[in-house]
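The data block below is work08.cif; it holds mmCIF, C-alpha atoms.
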```
data_input
loop_
_atom_site.group_PDB
_atom_site.id
_atom_site.type_symbol
_atom_site.label_atom_id
_atom_site.label_comp_id
_atom_site.auth_asym_id
_atom_site.auth_seq_id
_atom_site.Cartn_x
_atom_site.Cartn_y
_atom_site.Cartn_z
ATOM 1 C CA MET C 1 10.688 -54.339 25.236
ATOM 2 C CA ILE C 2 11.850 -51.549 27.520
ATOM 3 C CA LYS C 3 15.617 -51.958 27.841
ATOM 4 C CA ASN C 4 15.878 -51.703 31.608
ATOM 5 C CA GLN C 5 12.435 -52.440 33.073
ATOM 6 C CA VAL C 6 12.086 -55.352 35.519
ATOM 7 C CA LEU C 7 8.656 -56.467 36.696
ATOM 8 C CA VAL C 8 8.619 -57.321 40.425
ATOM 9 C CA VAL C 9 5.451 -59.177 41.458
ATOM 10 C CA VAL C 10 4.715 -59.661 45.162
ATOM 11 C CA GLY C 11 2.027 -62.008 46.457
ATOM 12 C CA HIS C 12 1.767 -61.426 50.207
ATOM 13 C CA PRO C 13 -1.232 -60.050 52.120
ATOM 14 C CA ASP C 14 0.904 -57.551 54.059
ATOM 15 C CA ALA C 15 3.937 -56.734 51.959
ATOM 16 C CA THR C 16 4.576 -53.501 53.862
ATOM 17 C CA LYS C 17 5.400 -55.277 57.138
ATOM 18 C CA SER C 18 6.369 -58.804 56.092
ATOM 19 C CA PHE C 19 9.730 -60.321 55.239
ATOM 20 C CA ASN C 20 8.410 -60.764 51.706
ATOM 21 C CA GLY C 21 8.028 -57.004 51.605
ATOM 22 C CA ALA C 22 11.577 -56.553 52.875
ATOM 23 C CA ILE C 23 12.795 -58.807 50.055
ATOM 24 C CA ALA C 24 10.860 -56.708 47.536
ATOM 25 C CA ASN C 25 12.385 -53.497 48.898
ATOM 26 C CA VAL C 26 15.908 -54.889 48.558
ATOM 27 C CA VAL C 27 15.181 -56.206 45.074
ATOM 28 C CA CYS C 28 13.857 -52.838 43.877
ATOM 29 C CA ALA C 29 16.639 -50.840 45.515
ATOM 30 C CA THR C 30 19.334 -53.093 44.063
ATOM 31 C CA LEU C 31 17.813 -53.049 40.590
ATOM 32 C CA THR C 32 17.717 -49.240 40.734
ATOM 33 C CA GLU C 33 21.388 -49.122 41.753
ATOM 34 C CA LEU C 34 22.202 -51.332 38.766
ATOM 35 C CA GLY C 35 20.441 -48.972 36.367
ATOM 36 C CA TYR C 36 17.128 -50.806 35.988
ATOM 37 C CA VAL C 37 13.618 -49.456 36.456
ATOM 38 C CA PRO C 38 11.752 -51.829 38.787
ATOM 39 C CA LYS C 39 8.011 -52.012 38.216
ATOM 40 C CA LEU C 40 6.604 -53.156 41.573
ATOM 41 C CA ARG C 41 3.275 -54.962 41.591
ATOM 42 C CA ASP C 42 1.885 -55.595 45.097
ATOM 43 C CA LEU C 43 -1.089 -57.738 44.112
ATOM 44 C CA TYR C 44 -2.879 -57.619 47.463
ATOM 45 C CA ALA C 45 -2.437 -53.871 47.896
ATOM 46 C CA GLU C 46 -3.720 -53.313 44.368
ATOM 47 C CA GLY C 47 -6.705 -55.590 44.878
ATOM 48 C CA PHE C 48 -5.866 -57.748 41.873
ATOM 49 C CA ASN C 49 -8.746 -60.078 40.973
ATOM 50 C CA PRO C 50 -7.288 -63.586 40.537
ATOM 51 C CA VAL C 51 -10.508 -65.173 39.275
ATOM 52 C CA MET C 52 -10.423 -65.960 35.564
ATOM 53 C CA PRO C 53 -14.040 -65.811 34.365
ATOM 54 C CA LEU C 54 -15.533 -68.084 31.753
ATOM 55 C CA SER C 55 -15.623 -65.230 29.252
ATOM 56 C CA GLU C 56 -11.818 -65.034 29.345
ATOM 57 C CA THR C 57 -11.252 -68.768 29.049
ATOM 58 C CA ASN C 58 -13.394 -68.871 25.919
ATOM 59 C CA SER C 59 -11.793 -65.926 24.120
ATOM 60 C CA SER C 60 -8.389 -65.274 22.556
ATOM 61 C CA TYR C 61 -5.776 -63.458 24.609
ATOM 62 C CA ASP C 62 -6.075 -60.240 22.593
ATOM 63 C CA GLU C 63 -9.753 -60.050 23.523
ATOM 64 C CA ALA C 64 -8.905 -59.977 27.238
ATOM 65 C CA PRO C 65 -10.086 -57.068 29.413
ATOM 66 C CA ALA C 66 -8.030 -53.891 29.146
ATOM 67 C CA ALA C 67 -6.531 -54.444 32.606
ATOM 68 C CA MET C 68 -5.211 -57.881 31.592
ATOM 69 C CA LEU C 69 -3.865 -56.553 28.302
ATOM 70 C CA ALA C 70 -1.983 -53.928 30.329
ATOM 71 C CA GLU C 71 -0.542 -56.686 32.539
ATOM 72 C CA MET C 72 0.632 -58.590 29.483
ATOM 73 C CA GLU C 73 2.190 -55.436 28.065
ATOM 74 C CA GLU C 74 4.169 -54.974 31.303
ATOM 75 C CA VAL C 75 5.512 -58.518 30.967
ATOM 76 C CA LYS C 76 6.341 -57.998 27.311
ATOM 77 C CA ASN C 77 8.172 -54.741 28.044
ATOM 78 C CA SER C 78 10.321 -56.155 30.847
ATOM 79 C CA VAL C 79 13.784 -57.645 30.528
ATOM 80 C CA GLY C 80 13.307 -59.544 33.769
ATOM 81 C CA LEU C 81 10.622 -60.926 36.056
ATOM 82 C CA VAL C 82 10.997 -61.275 39.826
ATOM 83 C CA PHE C 83 8.362 -63.100 41.873
ATOM 84 C CA ILE C 84 8.203 -62.949 45.686
ATOM 85 C CA HIS C 85 5.736 -64.923 47.791
ATOM 86 C CA PRO C 86 5.272 -67.285 50.737
ATOM 87 C CA ASN C 87 4.661 -71.015 50.404
ATOM 88 C CA TRP C 88 0.969 -71.698 50.957
ATOM 89 C CA TRP C 89 0.107 -75.395 50.797
ATOM 90 C CA GLY C 90 2.941 -76.117 48.393
ATOM 91 C CA GLY C 91 2.125 -73.281 46.006
ATOM 92 C CA PRO C 92 1.875 -69.514 45.681
ATOM 93 C CA PRO C 93 -1.087 -67.695 47.255
ATOM 94 C CA ALA C 94 -4.223 -67.821 45.094
ATOM 95 C CA ILE C 95 -3.860 -64.167 44.126
ATOM 96 C CA LEU C 96 -0.502 -64.858 42.458
ATOM 97 C CA LYS C 97 -1.640 -68.136 40.909
ATOM 98 C CA GLY C 98 -4.592 -66.225 39.479
ATOM 99 C CA TRP C 99 -2.239 -63.577 38.097
ATOM 100 C CA ILE C 100 -0.400 -66.325 36.231
ATOM 101 C CA ASP C 101 -3.684 -67.809 35.006
ATOM 102 C CA ARG C 102 -4.890 -64.481 33.636
ATOM 103 C CA VAL C 103 -1.586 -63.066 32.323
ATOM 104 C CA PHE C 104 0.507 -66.027 31.128
ATOM 105 C CA ARG C 105 -2.270 -67.161 28.835
ATOM 106 C CA ASN C 106 -2.349 -69.239 25.693
ATOM 107 C CA GLY C 107 -1.572 -67.090 22.677
ATOM 108 C CA PHE C 108 0.486 -64.606 24.657
ATOM 109 C CA ALA C 109 3.055 -66.424 26.814
ATOM 110 C CA TYR C 110 2.889 -69.741 24.981
ATOM 111 C CA GLY C 111 0.956 -71.453 22.231
ATOM 112 C CA PHE C 112 0.701 -74.418 19.927
ATOM 113 C CA THR C 113 1.296 -74.971 16.236
ATOM 114 C CA GLU C 114 1.300 -77.988 13.953
ATOM 115 C CA ASN C 115 5.026 -78.249 14.652
ATOM 116 C CA GLY C 116 4.619 -78.194 18.420
ATOM 117 C CA PRO C 117 4.441 -75.638 21.253
ATOM 118 C CA TRP C 118 6.143 -72.244 21.300
ATOM 119 C CA SER C 119 7.304 -70.089 24.225
ATOM 120 C CA ALA C 120 7.237 -66.288 24.253
ATOM 121 C CA LEU C 121 9.289 -65.383 27.331
ATOM 122 C CA ASN C 122 12.632 -66.811 26.269
ATOM 123 C CA ASP C 123 14.233 -63.367 26.540
ATOM 124 C CA LYS C 124 13.397 -62.815 30.250
ATOM 125 C CA ILE C 125 15.661 -63.240 33.259
ATOM 126 C CA VAL C 126 13.460 -64.889 35.881
ATOM 127 C CA GLN C 127 14.194 -64.834 39.607
ATOM 128 C CA VAL C 128 11.827 -66.267 42.220
ATOM 129 C CA PHE C 129 12.163 -65.673 45.975
ATOM 130 C CA THR C 130 9.956 -67.762 48.234
ATOM 131 C CA THR C 131 9.603 -68.139 51.994
ATOM 132 C CA SER C 132 8.395 -71.054 54.077
ATOM 133 C CA ASN C 133 8.228 -72.491 57.581
ATOM 134 C CA THR C 134 8.909 -76.101 56.595
ATOM 135 C CA PRO C 135 12.453 -77.419 57.210
ATOM 136 C CA ARG C 136 14.383 -77.665 53.946
ATOM 137 C CA ASP C 137 15.085 -81.401 54.105
ATOM 138 C CA TYR C 138 11.412 -82.144 54.788
ATOM 139 C CA GLU C 139 10.300 -79.837 51.987
ATOM 140 C CA VAL C 140 12.563 -81.619 49.505
ATOM 141 C CA ASP C 141 12.557 -85.227 50.715
ATOM 142 C CA PHE C 142 8.924 -85.569 51.793
ATOM 143 C CA TYR C 143 7.071 -83.062 49.587
ATOM 144 C CA GLY C 144 9.439 -83.093 46.595
ATOM 145 C CA ASP C 145 9.986 -79.305 46.629
ATOM 146 C CA PRO C 146 6.608 -78.413 45.062
ATOM 147 C CA LEU C 147 7.413 -74.713 44.569
ATOM 148 C CA GLU C 148 10.509 -75.534 42.534
ATOM 149 C CA ASN C 149 8.427 -77.919 40.442
ATOM 150 C CA PHE C 150 5.666 -75.342 40.012
ATOM 151 C CA TRP C 151 7.829 -72.427 38.916
ATOM 152 C CA LYS C 152 10.654 -74.142 37.036
ATOM 153 C CA THR C 153 8.980 -77.199 35.528
ATOM 154 C CA ILE C 154 5.319 -76.285 35.207
ATOM 155 C CA VAL C 155 5.406 -72.549 34.468
ATOM 156 C CA PHE C 156 8.726 -71.552 32.938
ATOM 157 C CA SER C 157 9.410 -74.755 31.029
ATOM 158 C CA VAL C 158 6.232 -73.851 29.128
ATOM 159 C CA VAL C 159 6.467 -70.061 28.726
ATOM 160 C CA GLY C 160 10.277 -70.060 28.551
ATOM 161 C CA SER C 161 12.980 -67.891 30.101
ATOM 162 C CA LEU C 162 16.455 -66.630 29.290
ATOM 163 C CA SER C 163 17.550 -67.980 32.664
ATOM 164 C CA PHE C 164 15.693 -69.145 35.758
ATOM 165 C CA GLU C 165 16.600 -69.327 39.447
ATOM 166 C CA ARG C 166 14.647 -69.691 42.661
ATOM 167 C CA ARG C 167 15.771 -69.159 46.252
ATOM 168 C CA ASN C 168 13.687 -70.272 49.222
ATOM 169 C CA PHE C 169 14.291 -68.810 52.683
ATOM 170 C CA GLU C 170 13.311 -71.105 55.534
ATOM 171 C CA GLN C 171 12.303 -71.417 58.339
ATOM 172 C CA ILE C 172 10.833 -67.932 58.592
ATOM 173 C CA ILE C 173 8.925 -68.654 61.777
ATOM 174 C CA GLN C 174 12.149 -69.546 63.608
ATOM 175 C CA SER C 175 14.376 -66.863 62.092
ATOM 176 C CA ASP C 176 15.865 -64.006 64.052
ATOM 177 C CA GLU C 177 16.961 -60.535 62.990
ATOM 178 C CA GLN C 178 20.508 -61.658 62.202
ATOM 179 C CA MET C 179 19.299 -64.483 59.942
ATOM 180 C CA ARG C 180 16.917 -62.195 58.098
ATOM 181 C CA LYS C 181 19.602 -59.593 57.616
ATOM 182 C CA ALA C 182 21.847 -62.265 56.094
ATOM 183 C CA TRP C 183 19.037 -63.397 53.810
ATOM 184 C CA LEU C 184 18.474 -59.848 52.617
ATOM 185 C CA GLU C 185 22.184 -59.507 51.894
ATOM 186 C CA GLU C 186 21.949 -62.718 49.901
ATOM 187 C CA THR C 187 18.948 -61.297 48.048
ATOM 188 C CA ARG C 188 20.968 -58.229 47.125
ATOM 189 C CA ALA C 189 23.905 -60.362 45.963
ATOM 190 C CA THR C 190 21.602 -62.584 43.919
ATOM 191 C CA ILE C 191 20.064 -59.642 42.075
ATOM 192 C CA LYS C 192 23.520 -58.190 41.371
ATOM 193 C CA ARG C 193 24.665 -61.542 40.003
ATOM 194 C CA ARG C 194 21.556 -62.170 37.932
ATOM 195 C CA PHE C 195 21.088 -58.689 36.445
ATOM 196 C CA PRO C 196 24.187 -57.151 34.855
ATOM 197 C CA ALA C 197 24.554 -53.439 35.482
ATOM 198 C CA VAL C 198 23.019 -51.287 32.750
ATOM 199 C CA SER C 199 25.625 -49.087 31.091
#
```

Using structure tokens, write down the structure from this file.
Amino acid sequence: MIKNQVLVVVGHPDATKSFNGAIANVVCATLTELGYVPKLRDLYAEGFNPVMPLSETNSSYDEAPAAMLAEMEEVKNSVGLVFIHPNWWGGPPAILKGWIDRVFRNGFAYGFTENGPWSALNDKIVQVFTTSNTPRDYEVDFYGDPLENFWKTIVFSVVGSLSFERRNFEQIIQSDEQMRKAWLEETRATIKRRFPAVS
């Protein structure tokens, strides 16, 4: 593990101009101020391939393509993981879901033994920032907050974390400049609270 590296993964088709991109900029700037080295991954800009081919599903994790092994190494070397994405049909965009499929794989991020499952990311601080257009009460009461269930219950209850938090900003479509500025200030405060300054 690299003492002060934090992996920041963004899943938005236009992170340079979107509010998701603004969140990522604040996250990286704040981490830098705190003494961390943010490793920004803009999946769309990089052209990440989210499709997990049959050859990968039928092989062990250490036989994965070199690019996927490099992704896993970045996760392993990071003290924290920050994910930023919009809510698309109750989940992350396919490109980010595919990143999870191909990187958080059996044998690397989790596995099974005769005594039960094991988790490999129990030493990572995990922070998720999501955005949506659905009103909060409707998202929770009608849909059951699917993004919270996906990240906290489905993903990180399996692969583990040192600590987990998620913050959703809504409703983006109705927000004005003042609201977004306040949300970015909250983003900065959240990172400062979640990541102790590196001495």

Would you translate the PyMOL selection byres ((chain C and resi 157) around 12) into the concrete set of residues it matches in this file, as number ranges by chain?
-> C: 109-110, 117-122, 126, 148-156, 158-164

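Nearest residue to Leu40 of chain C, choosing from C:Ser55, C:Ser18, C:Gln5, C:Thr190 and counting all atoms listed in the file: C:Gln5.
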
Quick one, how far is atom CA of Arg41 of chain C from atom CA of Phe83 of chain C?
-> 9.6 Å

Name all residues at most 12 Å from Pro13 of chain C (count only C-alpha atoms; drop same-chain ones fewer than 5 positions away) and give them as a list in words.
->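 Residues near the query, excluding close chain neighbours: Ser18, Phe19, Asn20, Gly21, Asp42, Leu43, Tyr44, Ala45, Glu46, Gly47, Phe48, Ile84, His85, Pro86, Trp88, Pro92, Pro93, Ala94, Ile95 and Leu96 of chain C.
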
Quick one: residues within 9 Å of Leu31 of chain C, all atoms listed in the file, excluding same-chain residues fewer than 4 positions away - as an mmCIF file with C-alpha atoms, in the coordinates of the input?
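Okay, out-v1.cif is ready:
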```cif
data_model
loop_
_atom_site.group_PDB
_atom_site.id
_atom_site.type_symbol
_atom_site.label_atom_id
_atom_site.label_comp_id
_atom_site.auth_asym_id
_atom_site.auth_seq_id
_atom_site.Cartn_x
_atom_site.Cartn_y
_atom_site.Cartn_z
ATOM 1 C CA VAL C 6 12.086 -55.352 35.519
ATOM 2 C CA VAL C 26 15.908 -54.889 48.558
ATOM 3 C CA VAL C 27 15.181 -56.206 45.074
ATOM 4 C CA GLY C 35 20.441 -48.972 36.367
ATOM 5 C CA TYR C 36 17.128 -50.806 35.988
ATOM 6 C CA VAL C 37 13.618 -49.456 36.456
ATOM 7 C CA PRO C 38 11.752 -51.829 38.787
ATOM 8 C CA ARG C 188 20.968 -58.229 47.125
ATOM 9 C CA ILE C 191 20.064 -59.642 42.075
ATOM 10 C CA LYS C 192 23.520 -58.190 41.371
ATOM 11 C CA PHE C 195 21.088 -58.689 36.445
ATOM 12 C CA ALA C 197 24.554 -53.439 35.482
#
```

Interatomic distance, atom CA of Thr32 of chain C to atom CA of Leu147 of chain C (Å, one decimal) = 27.7 Å

Taking only C-alpha atoms into account, which of C:Lys124, C:Arg180, C:Lys39, C:Lys97 comes nearest Met52 of chain C?
-> C:Lys97

Would you work out the distance separating atom CA of Ile100 of chain C from atom CA of His12 of chain C, expressed in Å to one decimal?
-> 15.0 Å

Return as an mmCIF file with C-alpha atoms, keeping the file's coordinate frame the set of residues that the PyMOL selection byres ((chain C and resi 81) around 8) yields on the displayed structure.
```cif
data_model
loop_
_atom_site.group_PDB
_atom_site.id
_atom_site.type_symbol
_atom_site.label_atom_id
_atom_site.label_comp_id
_atom_site.auth_asym_id
_atom_site.auth_seq_id
_atom_site.Cartn_x
_atom_site.Cartn_y
_atom_site.Cartn_z
ATOM 1 C CA VAL C 6 12.086 -55.352 35.519
ATOM 2 C CA LEU C 7 8.656 -56.467 36.696
ATOM 3 C CA VAL C 8 8.619 -57.321 40.425
ATOM 4 C CA VAL C 9 5.451 -59.177 41.458
ATOM 5 C CA VAL C 75 5.512 -58.518 30.967
ATOM 6 C CA SER C 78 10.321 -56.155 30.847
ATOM 7 C CA VAL C 79 13.784 -57.645 30.528
ATOM 8 C CA GLY C 80 13.307 -59.544 33.769
ATOM 9 C CA VAL C 82 10.997 -61.275 39.826
ATOM 10 C CA PHE C 83 8.362 -63.100 41.873
ATOM 11 C CA LYS C 124 13.397 -62.815 30.250
ATOM 12 C CA ILE C 125 15.661 -63.240 33.259
ATOM 13 C CA VAL C 126 13.460 -64.889 35.881
ATOM 14 C CA GLN C 127 14.194 -64.834 39.607
#
```

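Comparing C:Gly98, C:Gly90, C:Asn25, C:Pro196 by their smallest distance to Asp145 of chain C, the closest is C:Gly90 (using all atoms listed in the file).
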
Go through the shown structure with the PyMOL selection byres ((chain C and resi 57-66) around 7) and write out the matching residues as a compact mmCIF listing (two decimals) with C-alpha atoms, keeping the file's coordinate frame.
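Everything below was put into part_30.txt:
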```
# COMPACT_ATOMS: atom_id res chain seq x y z
CA PRO C 53 -14.04 -65.81 34.36
CA LEU C 54 -15.53 -68.08 31.75
CA SER C 55 -15.62 -65.23 29.25
CA GLU C 56 -11.82 -65.03 29.34
CA ALA C 67 -6.53 -54.44 32.61
CA MET C 68 -5.21 -57.88 31.59
CA LEU C 69 -3.86 -56.55 28.30
CA ALA C 70 -1.98 -53.93 30.33
CA ARG C 105 -2.27 -67.16 28.84
CA ASN C 106 -2.35 -69.24 25.69
CA GLY C 107 -1.57 -67.09 22.68
CA PHE C 108 0.49 -64.61 24.66
```
